[in-house]
$ cat my_file03.pdb   # PDB, C-alpha atoms (C1' of nucleotides)
ATOM      1  CA  MET I 216      20.674  20.541 -22.083
ATOM      2  CA  PRO I 217      17.924  18.222 -20.899
ATOM      3  CA  ALA I 218      18.240  15.312 -23.231
ATOM      4  CA  SER I 219      18.896  14.749 -26.882
ATOM      5  CA  PRO I 220      17.444  11.727 -28.631
ATOM      6  CA  ARG I 221      19.722   8.825 -28.124
ATOM      7  CA  ARG I 222      21.818   7.937 -31.098
ATOM      8  CA  PRO I 223      22.910   4.304 -31.101
ATOM      9  CA  VAL I 224      26.553   4.298 -30.177
ATOM     10  CA  ARG I 225      27.579   1.047 -31.733
ATOM     11  CA  GLY I 226      26.252  -0.360 -34.938
ATOM     12  CA  SER I 227      23.911   2.553 -35.360
ATOM     13  CA  THR I 228      20.759   1.999 -37.338
ATOM     14  CA  THR I 229      22.513   1.289 -40.583
ATOM     15  CA  GLY I 230      20.610  -0.096 -43.483
ATOM     16  CA  ARG I 231      17.106  -1.293 -42.816
ATOM     17  CA  PRO I 232      14.615   1.438 -41.968
ATOM     18  CA  ILE I 233      12.981  -0.947 -39.553
ATOM     19  CA  MET I 234      15.965  -0.496 -37.257
ATOM     20  CA  ALA I 235      15.478   3.247 -37.097
ATOM     21  CA  VAL I 236      11.761   2.775 -36.501
ATOM     22  CA  LEU I 237      12.329   0.181 -33.796
ATOM     23  CA  ASP I 238      14.730   2.607 -32.155
ATOM     24  CA  LEU I 239      12.369   5.561 -32.377
ATOM     25  CA  LEU I 240       9.256   3.721 -31.229
ATOM     26  CA  GLY I 241      11.243   1.852 -28.613
ATOM     27  CA  ARG I 242      11.408   4.933 -26.443
ATOM     28  CA  ARG I 243       9.148   5.588 -23.531
ATOM     29  CA  TRP I 244       5.835   7.177 -24.553
ATOM     30  CA  SER I 245       6.544   7.164 -28.303
ATOM     31  CA  LEU I 246       3.948   4.578 -29.192
ATOM     32  CA  ARG I 247       1.596   5.930 -26.564
ATOM     33  CA  VAL I 248       1.687   9.432 -28.029
ATOM     34  CA  LEU I 249       0.852   8.150 -31.491
ATOM     35  CA  TRP I 250      -1.914   6.063 -30.019
ATOM     36  CA  GLU I 251      -3.493   8.936 -28.118
ATOM     37  CA  LEU I 252      -3.450  11.147 -31.205
ATOM     38  CA  ARG I 253      -5.300   8.565 -33.303
ATOM     39  CA  ASP I 254      -8.678  10.295 -33.113
ATOM     40  CA  GLY I 255      -7.514  13.808 -33.891
ATOM     41  CA  PRO I 256      -5.354  16.677 -32.660
ATOM     42  CA  LEU I 257      -4.749  17.264 -28.982
ATOM     43  CA  THR I 258      -3.215  20.177 -27.154
ATOM     44  CA  PHE I 259      -0.015  19.702 -25.227
ATOM     45  CA  ARG I 260      -1.694  19.503 -21.851
ATOM     46  CA  VAL I 261      -4.549  17.306 -22.973
ATOM     47  CA  LEU I 262      -2.067  14.962 -24.588
ATOM     48  CA  GLN I 263      -0.056  14.997 -21.396
ATOM     49  CA  ALA I 264      -3.121  14.053 -19.380
ATOM     50  CA  ALA I 265      -3.965  11.290 -21.841
ATOM     51  CA  CYS I 266      -0.499   9.877 -21.301
ATOM     52  CA  ASP I 267      -1.030   9.419 -17.564
ATOM     53  CA  ASP I 268       0.343  12.894 -16.863
ATOM     54  CA  VAL I 269       3.773  12.158 -18.217
ATOM     55  CA  SER I 270       6.404  14.742 -17.386
ATOM     56  CA  PRO I 271       6.272  17.740 -19.716
ATOM     57  CA  SER I 272      10.012  17.568 -20.322
ATOM     58  CA  VAL I 273       9.782  13.996 -21.548
ATOM     59  CA  LEU I 274       6.698  14.692 -23.609
ATOM     60  CA  GLN I 275       8.441  17.675 -25.113
ATOM     61  CA  GLN I 276      11.442  15.558 -26.051
ATOM     62  CA  ARG I 277       9.263  12.840 -27.497
ATOM     63  CA  LEU I 278       7.225  15.281 -29.557
ATOM     64  CA  LYS I 279      10.487  16.712 -30.845
ATOM     65  CA  ASP I 280      11.616  13.238 -31.884
ATOM     66  CA  LEU I 281       8.335  12.438 -33.573
ATOM     67  CA  ARG I 282       8.230  15.780 -35.353
ATOM     68  CA  GLN I 283      11.753  15.313 -36.660
ATOM     69  CA  ALA I 284      10.695  11.899 -37.871
ATOM     70  CA  GLY I 285       7.784  13.495 -39.691
ATOM     71  CA  LEU I 286       5.149  11.651 -37.720
ATOM     72  CA  VAL I 287       3.665  14.509 -35.723
ATOM     73  CA  ASP I 288       2.832  18.046 -36.712
ATOM     74  CA  HIS I 289       1.817  21.128 -34.763
ATOM     75  CA  ASP I 290      -0.845  23.367 -36.178
ATOM     76  CA  GLY I 291      -3.450  25.641 -34.668
ATOM     77  CA  ASP I 292      -5.456  22.780 -33.225
ATOM     78  CA  GLY I 293      -2.534  21.336 -31.317
ATOM     79  CA  TYR I 294      -0.497  18.254 -32.072
ATOM     80  CA  ALA I 295      -1.682  15.968 -34.835
ATOM     81  CA  LEU I 296      -0.533  12.957 -36.782
ATOM     82  CA  THR I 297       0.945  13.478 -40.218
ATOM     83  CA  ALA I 298      -0.152  11.505 -43.247
ATOM     84  CA  ALA I 299       2.787   9.161 -42.702
ATOM     85  CA  ALA I 300       1.683   8.494 -39.149
ATOM     86  CA  ARG I 301      -1.898   7.944 -40.192
ATOM     87  CA  ALA I 302      -0.627   5.280 -42.557
ATOM     88  CA  LEU I 303       0.663   3.523 -39.468
ATOM     89  CA  MET I 304      -2.701   3.474 -37.754
ATOM     90  CA  PRO I 305      -3.928   0.157 -39.237
ATOM     91  CA  THR I 306      -0.835  -1.440 -37.794
ATOM     92  CA  LEU I 307      -1.460   0.092 -34.385
ATOM     93  CA  LEU I 308      -5.059  -1.058 -34.526
ATOM     94  CA  ALA I 309      -3.805  -4.543 -35.325
ATOM     95  CA  LEU I 310      -1.548  -4.248 -32.315
ATOM     96  CA  ASN I 311      -4.590  -3.307 -30.283
ATOM     97  CA  ASP I 312      -6.460  -6.389 -31.467
ATOM     98  CA  TRP I 313      -3.486  -8.547 -30.648
ATOM     99  CA  ALA I 314      -3.283  -6.989 -27.199
ATOM    100  CA  GLU I 315      -6.884  -7.979 -26.561
ATOM    101  CA  ASP I 316      -6.188 -11.604 -27.442
ATOM    102  CA  TRP I 317      -2.936 -11.568 -25.531
ATOM    103  CA  SER I 318      -4.578 -10.318 -22.341
ATOM    104  CA  LYS I 319      -7.068 -13.176 -22.424
ATOM    105  CA  THR I 320      -4.230 -15.651 -22.138
ATOM    106  CA  ARG I 321      -2.887 -13.883 -19.061
ATOM    107  CA  ALA I 322      -3.828 -14.943 -15.566
TER     108      ALA I 322
ATOM    109  CA  MET N 204      19.042  -4.774  -7.097
ATOM    110  CA  PRO N 205      19.796  -3.821 -10.662
ATOM    111  CA  ALA N 206      16.446  -2.788 -11.993
ATOM    112  CA  SER N 207      12.907  -4.004 -11.806
ATOM    113  CA  PRO N 208      10.523  -3.384 -14.649
ATOM    114  CA  ARG N 209       9.016   0.006 -14.261
ATOM    115  CA  ARG N 210       5.467   0.046 -13.070
ATOM    116  CA  PRO N 211       3.636   3.189 -14.071
ATOM    117  CA  VAL N 212       3.373   5.351 -11.000
ATOM    118  CA  ARG N 213       0.346   7.337 -11.925
ATOM    119  CA  GLY N 214      -2.652   6.000 -13.760
ATOM    120  CA  SER N 215      -1.090   2.600 -14.080
ATOM    121  CA  THR N 216      -2.126   0.507 -17.028
ATOM    122  CA  THR N 217      -5.632  -0.073 -15.844
ATOM    123  CA  GLY N 218      -8.214  -1.205 -18.270
ATOM    124  CA  ARG N 219      -7.229  -1.523 -21.880
ATOM    125  CA  PRO N 220      -4.606  -4.194 -22.573
ATOM    126  CA  ILE N 221      -3.163  -1.939 -25.234
ATOM    127  CA  MET N 222      -1.826   0.293 -22.461
ATOM    128  CA  ALA N 223       0.116  -2.554 -20.911
ATOM    129  CA  VAL N 224       1.439  -3.565 -24.321
ATOM    130  CA  LEU N 225       2.427  -0.018 -25.206
ATOM    131  CA  ASP N 226       4.245   0.179 -21.895
ATOM    132  CA  LEU N 227       6.032  -3.127 -22.333
ATOM    133  CA  LEU N 228       7.039  -2.577 -25.953
ATOM    134  CA  GLY N 229       7.910   1.036 -25.229
ATOM    135  CA  ARG N 230      11.063  -0.006 -23.457
ATOM    136  CA  ARG N 231      14.445   0.050 -25.033
ATOM    137  CA  TRP N 232      15.213  -3.095 -27.048
ATOM    138  CA  SER N 233      11.839  -4.746 -26.432
ATOM    139  CA  LEU N 234      10.631  -4.506 -30.024
ATOM    140  CA  ARG N 235      14.107  -5.145 -31.324
ATOM    141  CA  VAL N 236      14.421  -8.410 -29.396
ATOM    142  CA  LEU N 237      11.123  -9.680 -30.774
ATOM    143  CA  TRP N 238      12.205  -8.640 -34.234
ATOM    144  CA  GLU N 239      15.545 -10.432 -34.075
ATOM    145  CA  LEU N 240      13.893 -13.622 -32.860
ATOM    146  CA  ARG N 241      11.452 -13.697 -35.775
ATOM    147  CA  ASP N 242      13.337 -16.353 -37.751
ATOM    148  CA  GLY N 243      13.925 -18.780 -34.925
ATOM    149  CA  PRO N 244      15.662 -19.249 -31.570
ATOM    150  CA  LEU N 245      18.898 -17.461 -30.754
ATOM    151  CA  THR N 246      21.331 -17.928 -27.922
ATOM    152  CA  PHE N 247      21.872 -15.142 -25.451
ATOM    153  CA  ARG N 248      25.119 -13.985 -26.993
ATOM    154  CA  VAL N 249      23.964 -14.241 -30.577
ATOM    155  CA  LEU N 250      20.848 -12.287 -29.691
ATOM    156  CA  GLN N 251      23.031  -9.743 -27.957
ATOM    157  CA  ALA N 252      25.177  -9.363 -31.079
ATOM    158  CA  ALA N 253      22.065  -9.046 -33.241
ATOM    159  CA  CYS N 254      20.934  -6.174 -31.030
ATOM    160  CA  ASP N 255      24.058  -4.116 -31.710
ATOM    161  CA  ASP N 256      25.839  -5.643 -28.719
ATOM    162  CA  VAL N 257      23.410  -4.289 -26.198
ATOM    163  CA  SER N 258      24.564  -4.530 -22.594
ATOM    164  CA  PRO N 259      23.953  -7.971 -21.141
ATOM    165  CA  SER N 260      22.347  -6.516 -18.039
ATOM    166  CA  VAL N 261      19.762  -4.682 -20.118
ATOM    167  CA  LEU N 262      19.163  -7.652 -22.366
ATOM    168  CA  GLN N 263      18.745  -9.817 -19.315
ATOM    169  CA  GLN N 264      16.174  -7.431 -17.884
ATOM    170  CA  ARG N 265      14.331  -7.203 -21.173
ATOM    171  CA  LEU N 266      14.226 -10.969 -21.595
ATOM    172  CA  LYS N 267      12.878 -11.219 -18.082
ATOM    173  CA  ASP N 268      10.132  -8.746 -18.934
ATOM    174  CA  LEU N 269       9.228 -10.522 -22.143
ATOM    175  CA  ARG N 270       9.238 -13.923 -20.468
ATOM    176  CA  GLN N 271       6.963 -12.692 -17.716
ATOM    177  CA  ALA N 272       4.676 -11.344 -20.408
ATOM    178  CA  GLY N 273       4.642 -14.757 -22.038
ATOM    179  CA  LEU N 274       6.214 -13.557 -25.262
ATOM    180  CA  VAL N 275       9.599 -15.252 -25.019
ATOM    181  CA  ASP N 276      10.585 -18.710 -23.875
ATOM    182  CA  HIS N 277      13.897 -20.344 -23.126
ATOM    183  CA  ASP N 278      14.414 -23.903 -24.240
ATOM    184  CA  GLY N 279      17.426 -25.914 -25.232
ATOM    185  CA  ASP N 280      17.944 -24.002 -28.457
ATOM    186  CA  GLY N 281      18.107 -20.653 -26.729
ATOM    187  CA  TYR N 282      15.529 -17.901 -26.617
ATOM    188  CA  ALA N 283      12.488 -18.221 -28.815
ATOM    189  CA  LEU N 284       9.158 -16.570 -29.416
ATOM    190  CA  THR N 285       6.065 -18.101 -27.876
ATOM    191  CA  ALA N 286       2.897 -18.753 -29.829
ATOM    192  CA  ALA N 287       1.509 -15.455 -28.561
ATOM    193  CA  ALA N 288       4.527 -13.601 -29.852
ATOM    194  CA  ARG N 289       4.380 -15.371 -33.190
ATOM    195  CA  ALA N 290       0.812 -14.132 -33.502
ATOM    196  CA  LEU N 291       2.292 -10.654 -33.341
ATOM    197  CA  MET N 292       4.653 -11.239 -36.233
ATOM    198  CA  PRO N 293       2.231 -10.177 -39.007
ATOM    199  CA  THR N 294       1.890  -6.854 -37.231
ATOM    200  CA  LEU N 295       5.664  -6.453 -36.973
ATOM    201  CA  LEU N 296       6.002  -7.327 -40.645
ATOM    202  CA  ALA N 297       3.398  -4.676 -41.410
ATOM    203  CA  LEU N 298       5.485  -2.286 -39.352
ATOM    204  CA  ASN N 299       8.461  -3.255 -41.449
ATOM    205  CA  ASP N 300       6.579  -2.510 -44.662
ATOM    206  CA  TRP N 301       5.479   0.830 -43.286
ATOM    207  CA  ALA N 302       9.057   1.620 -42.317
ATOM    208  CA  GLU N 303      10.149   1.046 -45.900
ATOM    209  CA  ASP N 304       7.587   3.498 -47.197
ATOM    210  CA  TRP N 305       8.324   5.948 -44.442
ATOM    211  CA  SER N 306      12.039   5.982 -45.185
ATOM    212  CA  LYS N 307      11.373   6.905 -48.796
ATOM    213  CA  THR N 308       9.720  10.111 -47.692
ATOM    214  CA  ARG N 309      12.767  11.055 -45.633
ATOM    215  CA  ALA N 310      15.492  13.280 -47.000
TER     216      ALA N 310
ATOM    217  C1'  DC Z  34      -7.482  44.336 -14.663
ATOM    218  C1'  DA Z  35      -8.207  39.120 -13.196
ATOM    219  C1'  DG Z  36      -8.664  34.541 -14.812
ATOM    220  C1'  DT Z  37      -7.510  30.863 -17.833
ATOM    221  C1'  DA Z  38      -5.213  28.150 -21.333
ATOM    222  C1'  DT Z  39      -1.392  27.595 -24.255
ATOM    223  C1'  DG Z  40       3.522  25.763 -25.138
ATOM    224  C1'  DC Z  41       7.542  25.299 -22.970
ATOM    225  C1'  DT Z  42      11.729  25.361 -19.626
ATOM    226  C1'  DA Z  43      14.482  24.481 -15.163
ATOM    227  C1'  DC Z  44      15.835  21.873 -11.532
ATOM    228  C1'  DG Z  45      16.833  17.916  -8.278
ATOM    229  C1'  DG Z  46      16.228  13.319  -7.455
ATOM    230  C1'  DA Z  47      15.133   8.649  -8.977
ATOM    231  C1'  DT Z  48      15.435   5.156 -12.403
ATOM    232  C1'  DT Z  49      17.381   3.002 -16.319
ATOM    233  C1'  DC Z  50      21.007   2.213 -19.542
ATOM    234  C1'  DA Z  51      25.890   1.582 -21.218
ATOM    235  C1'  DG Z  52      30.251  -0.540 -20.957
ATOM    236  C1'  DT Z  53      33.439  -3.669 -19.103
ATOM    237  C1'  DA Z  54      34.788  -7.426 -16.469
ATOM    238  C1'  DG Z  55      34.069 -11.636 -14.594
ATOM    239  C1'  DC Z  56      31.859 -16.080 -12.723
ATOM    240  C1'  DA Z  57      29.827 -21.005 -12.661
ATOM    241  C1'  DA Z  58      28.160 -24.760 -15.383
ATOM    242  C1'  DC Z  59      28.630 -27.546 -19.229
ATOM    243  C1'  DA Z  60      30.719 -29.520 -23.309
ATOM    244  C1'  DT Z  61      34.602 -30.897 -26.180
ATOM    245  C1'  DA Z  62      38.986 -32.518 -26.970
ATOM    246  C1'  DA Z  63      43.904 -33.294 -26.330
TER     247       DA Z  63
ATOM    248  C1'  DT W 287      43.627 -34.768 -16.254
ATOM    249  C1'  DT W 288      44.172 -30.168 -18.380
ATOM    250  C1'  DA W 289      42.927 -27.066 -21.779
ATOM    251  C1'  DT W 290      39.683 -24.605 -24.505
ATOM    252  C1'  DG W 291      35.301 -22.903 -25.714
ATOM    253  C1'  DT W 292      30.323 -21.742 -25.191
ATOM    254  C1'  DT W 293      26.497 -20.979 -22.481
ATOM    255  C1'  DG W 294      23.620 -17.907 -19.322
ATOM    256  C1'  DC W 295      24.165 -14.635 -16.146
ATOM    257  C1'  DT W 296      25.876 -11.116 -12.465
ATOM    258  C1'  DA W 297      28.544  -7.016 -10.494
ATOM    259  C1'  DC W 298      30.088  -2.648 -10.768
ATOM    260  C1'  DT W 299      30.765   2.420 -12.132
ATOM    261  C1'  DG W 300      29.478   6.193 -14.753
ATOM    262  C1'  DA W 301      26.462   8.163 -18.182
ATOM    263  C1'  DA W 302      21.979   8.973 -20.048
ATOM    264  C1'  DT W 303      17.175   9.225 -19.441
ATOM    265  C1'  DC W 304      13.023   9.827 -16.860
ATOM    266  C1'  DC W 305      10.042  11.613 -13.111
ATOM    267  C1'  DG W 306       7.839  15.201 -10.416
ATOM    268  C1'  DT W 307       7.205  19.781  -9.426
ATOM    269  C1'  DA W 308       7.475  24.476 -10.133
ATOM    270  C1'  DG W 309       7.445  28.227 -12.877
ATOM    271  C1'  DC W 310       7.707  31.424 -17.074
ATOM    272  C1'  DA W 311       5.926  34.101 -21.302
ATOM    273  C1'  DT W 312       2.331  34.584 -24.401
ATOM    274  C1'  DA W 313      -2.304  34.892 -25.714
ATOM    275  C1'  DC W 314      -7.210  35.085 -25.123
ATOM    276  C1'  DT W 315     -11.476  36.148 -22.384
ATOM    277  C1'  DG W 316     -14.344  38.290 -19.162
TER     278       DG W 316
END
$ encode --input "my_file03.pdb" --output "structure tokens"
Amino acid sequence: MPASPRRPVRGSTTGRPIMAVLDLLGRRWSLRVLWELRDGPLTFRVLQAACDDVSPSVLQQRLKDLRQAGLVDHDGDGYALTAAARALMPTLLALNDWAEDWSKTRA
Amino acid sequence: MPASPRRPVRGSTTGRPIMAVLDLLGRRWSLRVLWELRDGPLTFRVLQAACDDVSPSVLQQRLKDLRQAGLVDHDGDGYALTAAARALMPTLLALNDWAEDWSKTRA
DNA sequence: CAGTATGCTACGGATTCAGTAGCAACATAA
DNA sequence: TTATGTTGCTACTGAATCCGTAGCATACTG
């Protein structure tokens, strides 16, 4: 078996949903996948290319995680954000704006 | 050498700052550390306990990353968010609100 | 049939993480 | 002084995850 999504061994993500979200999005390529899907569905390979040609095994695992979380769906057009994920987009756009400001303060 | 922050091998994070941010925050415990520091400075061990007793080596590496990114500082009171990181707090709070809604749609 | 695109899997090697133990510096107090 | 505690941090081994490449089965198109 390649890799199953890590389940916190210790305190787990008890209680606050934010913990589960921070755990899910705190995995490599999670946020990036959501970001790349912001403008519409993408096929597996196109999404892979958009994510700097991430390994297909990792992308597969990440898509599995995001689908189980109800954030990504797979229809005829490829992989797409669910309504729940689209509700997250304003936040990601705010993150984008912040990133712009943040980069200006960097050398 | 324990571990240096991963530099994307392929396309790197050229161009858009959002890519660099997505890469930095898409590491285990990055978002969680920022979240736990939202209410003020914490010492290393208290922060470690807040993060489900994450391994000190990983926390050390993550703090190093965040300090190099100018998001975390270390003064006499322990580790604290910088002004840049505090500017990110509204976005994290929005993420928290979204997480609440998202969890309600889960079984 | 040949060519192409799709989603997906397998494998080995590299990197990162987890878990535990321990150190040096500093403070406090007996 | 000795004892005790807290701080930040490091070392080490084994497990988990990721990377990079190759390849498969299916479907569609010419």
$ calpha_fit_and_write --input "my_file03.pdb" --fixed "chain N" --moving "chain I" --output "PDB file with C-alpha atoms, in the coordinates of the input"
ATOM      1  CA  MET I 216      19.192  -4.795  -7.408  1.00  0.00           C
ATOM      2  CA  PRO I 217      19.915  -3.729 -10.970  1.00  0.00           C
ATOM      3  CA  ALA I 218      16.539  -2.719 -12.229  1.00  0.00           C
ATOM      4  CA  SER I 219      13.003  -3.946 -11.960  1.00  0.00           C
ATOM      5  CA  PRO I 220      10.560  -3.340 -14.782  1.00  0.00           C
ATOM      6  CA  ARG I 221       9.056   0.042 -14.375  1.00  0.00           C
ATOM      7  CA  ARG I 222       5.552   0.053 -13.054  1.00  0.00           C
ATOM      8  CA  PRO I 223       3.614   3.162 -14.039  1.00  0.00           C
ATOM      9  CA  VAL I 224       3.388   5.286 -10.947  1.00  0.00           C
ATOM     10  CA  ARG I 225       0.321   7.270 -11.783  1.00  0.00           C
ATOM     11  CA  GLY I 226      -2.666   5.999 -13.646  1.00  0.00           C
ATOM     12  CA  SER I 227      -1.068   2.625 -14.101  1.00  0.00           C
ATOM     13  CA  THR I 228      -2.125   0.568 -17.069  1.00  0.00           C
ATOM     14  CA  THR I 229      -5.686   0.154 -15.945  1.00  0.00           C
ATOM     15  CA  GLY I 230      -8.245  -1.230 -18.286  1.00  0.00           C
ATOM     16  CA  ARG I 231      -7.248  -1.585 -21.896  1.00  0.00           C
ATOM     17  CA  PRO I 232      -4.611  -4.224 -22.578  1.00  0.00           C
ATOM     18  CA  ILE I 233      -3.181  -1.961 -25.228  1.00  0.00           C
ATOM     19  CA  MET I 234      -1.853   0.263 -22.458  1.00  0.00           C
ATOM     20  CA  ALA I 235       0.100  -2.571 -20.902  1.00  0.00           C
ATOM     21  CA  VAL I 236       1.422  -3.582 -24.311  1.00  0.00           C
ATOM     22  CA  LEU I 237       2.396  -0.028 -25.200  1.00  0.00           C
ATOM     23  CA  ASP I 238       4.217   0.164 -21.884  1.00  0.00           C
ATOM     24  CA  LEU I 239       6.009  -3.143 -22.336  1.00  0.00           C
ATOM     25  CA  LEU I 240       7.018  -2.604 -25.953  1.00  0.00           C
ATOM     26  CA  GLY I 241       7.850   1.015 -25.254  1.00  0.00           C
ATOM     27  CA  ARG I 242      11.033   0.012 -23.495  1.00  0.00           C
ATOM     28  CA  ARG I 243      14.425   0.064 -25.078  1.00  0.00           C
ATOM     29  CA  TRP I 244      15.188  -3.107 -27.055  1.00  0.00           C
ATOM     30  CA  SER I 245      11.801  -4.759 -26.452  1.00  0.00           C
ATOM     31  CA  LEU I 246      10.601  -4.526 -30.019  1.00  0.00           C
ATOM     32  CA  ARG I 247      14.091  -5.169 -31.312  1.00  0.00           C
ATOM     33  CA  VAL I 248      14.396  -8.428 -29.387  1.00  0.00           C
ATOM     34  CA  LEU I 249      11.110  -9.704 -30.765  1.00  0.00           C
ATOM     35  CA  TRP I 250      12.187  -8.661 -34.219  1.00  0.00           C
ATOM     36  CA  GLU I 251      15.530 -10.438 -34.052  1.00  0.00           C
ATOM     37  CA  LEU I 252      13.890 -13.644 -32.845  1.00  0.00           C
ATOM     38  CA  ARG I 253      11.459 -13.717 -35.773  1.00  0.00           C
ATOM     39  CA  ASP I 254      13.332 -16.379 -37.734  1.00  0.00           C
ATOM     40  CA  GLY I 255      13.929 -18.803 -34.893  1.00  0.00           C
ATOM     41  CA  PRO I 256      15.667 -19.255 -31.549  1.00  0.00           C
ATOM     42  CA  LEU I 257      18.888 -17.466 -30.733  1.00  0.00           C
ATOM     43  CA  THR I 258      21.326 -17.915 -27.899  1.00  0.00           C
ATOM     44  CA  PHE I 259      21.865 -15.121 -25.432  1.00  0.00           C
ATOM     45  CA  ARG I 260      25.107 -13.948 -26.971  1.00  0.00           C
ATOM     46  CA  VAL I 261      23.955 -14.235 -30.553  1.00  0.00           C
ATOM     47  CA  LEU I 262      20.843 -12.284 -29.674  1.00  0.00           C
ATOM     48  CA  GLN I 263      23.014  -9.723 -27.952  1.00  0.00           C
ATOM     49  CA  ALA I 264      25.149  -9.351 -31.059  1.00  0.00           C
ATOM     50  CA  ALA I 265      22.050  -9.035 -33.227  1.00  0.00           C
ATOM     51  CA  CYS I 266      20.915  -6.177 -31.025  1.00  0.00           C
ATOM     52  CA  ASP I 267      24.030  -4.112 -31.725  1.00  0.00           C
ATOM     53  CA  ASP I 268      25.808  -5.634 -28.730  1.00  0.00           C
ATOM     54  CA  VAL I 269      23.379  -4.280 -26.199  1.00  0.00           C
ATOM     55  CA  SER I 270      24.519  -4.527 -22.603  1.00  0.00           C
ATOM     56  CA  PRO I 271      23.925  -7.979 -21.132  1.00  0.00           C
ATOM     57  CA  SER I 272      22.299  -6.499 -18.042  1.00  0.00           C
ATOM     58  CA  VAL I 273      19.715  -4.672 -20.115  1.00  0.00           C
ATOM     59  CA  LEU I 274      19.130  -7.644 -22.367  1.00  0.00           C
ATOM     60  CA  GLN I 275      18.712  -9.809 -19.311  1.00  0.00           C
ATOM     61  CA  GLN I 276      16.134  -7.432 -17.873  1.00  0.00           C
ATOM     62  CA  ARG I 277      14.286  -7.211 -21.153  1.00  0.00           C
ATOM     63  CA  LEU I 278      14.197 -10.972 -21.596  1.00  0.00           C
ATOM     64  CA  LYS I 279      12.845 -11.223 -18.067  1.00  0.00           C
ATOM     65  CA  ASP I 280      10.088  -8.759 -18.934  1.00  0.00           C
ATOM     66  CA  LEU I 281       9.201 -10.544 -22.142  1.00  0.00           C
ATOM     67  CA  ARG I 282       9.221 -13.941 -20.467  1.00  0.00           C
ATOM     68  CA  GLN I 283       6.927 -12.716 -17.716  1.00  0.00           C
ATOM     69  CA  ALA I 284       4.656 -11.366 -20.410  1.00  0.00           C
ATOM     70  CA  GLY I 285       4.633 -14.783 -22.041  1.00  0.00           C
ATOM     71  CA  LEU I 286       6.206 -13.593 -25.256  1.00  0.00           C
ATOM     72  CA  VAL I 287       9.597 -15.266 -25.017  1.00  0.00           C
ATOM     73  CA  ASP I 288      10.578 -18.713 -23.860  1.00  0.00           C
ATOM     74  CA  HIS I 289      13.900 -20.362 -23.104  1.00  0.00           C
ATOM     75  CA  ASP I 290      14.441 -23.918 -24.186  1.00  0.00           C
ATOM     76  CA  GLY I 291      17.466 -25.929 -25.206  1.00  0.00           C
ATOM     77  CA  ASP I 292      17.960 -24.002 -28.421  1.00  0.00           C
ATOM     78  CA  GLY I 293      18.123 -20.643 -26.701  1.00  0.00           C
ATOM     79  CA  TYR I 294      15.533 -17.906 -26.590  1.00  0.00           C
ATOM     80  CA  ALA I 295      12.486 -18.246 -28.796  1.00  0.00           C
ATOM     81  CA  LEU I 296       9.161 -16.586 -29.401  1.00  0.00           C
ATOM     82  CA  THR I 297       6.068 -18.113 -27.863  1.00  0.00           C
ATOM     83  CA  ALA I 298       2.912 -18.780 -29.828  1.00  0.00           C
ATOM     84  CA  ALA I 299       1.508 -15.484 -28.565  1.00  0.00           C
ATOM     85  CA  ALA I 300       4.531 -13.622 -29.862  1.00  0.00           C
ATOM     86  CA  ARG I 301       4.388 -15.381 -33.194  1.00  0.00           C
ATOM     87  CA  ALA I 302       0.830 -14.138 -33.511  1.00  0.00           C
ATOM     88  CA  LEU I 303       2.307 -10.661 -33.346  1.00  0.00           C
ATOM     89  CA  MET I 304       4.671 -11.229 -36.235  1.00  0.00           C
ATOM     90  CA  PRO I 305       2.259 -10.168 -39.022  1.00  0.00           C
ATOM     91  CA  THR I 306       1.911  -6.868 -37.236  1.00  0.00           C
ATOM     92  CA  LEU I 307       5.668  -6.454 -36.968  1.00  0.00           C
ATOM     93  CA  LEU I 308       6.026  -7.312 -40.633  1.00  0.00           C
ATOM     94  CA  ALA I 309       3.434  -4.657 -41.400  1.00  0.00           C
ATOM     95  CA  LEU I 310       5.499  -2.270 -39.332  1.00  0.00           C
ATOM     96  CA  ASN I 311       8.489  -3.239 -41.427  1.00  0.00           C
ATOM     97  CA  ASP I 312       6.615  -2.479 -44.637  1.00  0.00           C
ATOM     98  CA  TRP I 313       5.518   0.843 -43.247  1.00  0.00           C
ATOM     99  CA  ALA I 314       9.092   1.631 -42.261  1.00  0.00           C
ATOM    100  CA  GLU I 315      10.184   1.068 -45.845  1.00  0.00           C
ATOM    101  CA  ASP I 316       7.613   3.530 -47.160  1.00  0.00           C
ATOM    102  CA  TRP I 317       8.353   5.970 -44.380  1.00  0.00           C
ATOM    103  CA  SER I 318      12.079   6.016 -45.125  1.00  0.00           C
ATOM    104  CA  LYS I 319      11.412   6.919 -48.746  1.00  0.00           C
ATOM    105  CA  THR I 320       9.757  10.127 -47.637  1.00  0.00           C
ATOM    106  CA  ARG I 321      12.794  11.078 -45.571  1.00  0.00           C
ATOM    107  CA  ALA I 322      15.546  13.266 -46.936  1.00  0.00           C
TER     108      ALA I 322
END
$ residues_around --input "my_file03.pdb" --residues "DA47 (chain Z)" --least-positions-apart "2" --cutoff "10 Å" --atoms "all atoms listed in the file" --output "list in words"
DG45 and DT49 of chain Z; DC304, DC305 and DG306 of chain W
$ atom_distance --input "my_file03.pdb" --atom1 "CA of Arg235 (chain N)" --atom2 "CA of Val248 (chain I)"
19.4 Å
$ resolve_selection --input "my_file03.pdb" --expression "the PyMOL selection byres ((chain N and resi 264) around 12)" --output "number ranges by chain"
N: 204-209, 227, 230-233, 236, 257-263, 265-271; Z: 49-50; W: 295-296
$ resolve_selection --input "my_file03.pdb" --expression "the PyMOL selection byres ((chain W and resi 315) around 10)" --output "number ranges by chain"
Z: 36-37; W: 313-314, 316
$ interface_residues --input "my_file03.pdb" --of "chain N" --to "chain I" --cutoff "7 Å" --atoms "all atoms listed in the file" --output "PyMOL selection string"
chain N and resi 213-214+220-221+224-225+228-235+255+287+291+294+297-299+301-303+305-306
$ atom_distance --input "my_file03.pdb" --atom1 "C1' of DT53 (chain Z)" --atom2 "CA of Gln251 (chain N)"
15.0 Å
$ atom_distance --input "my_file03.pdb" --atom1 "CA of Arg248 (chain N)" --atom2 "C1' of DA289 (chain W)"
22.7 Å
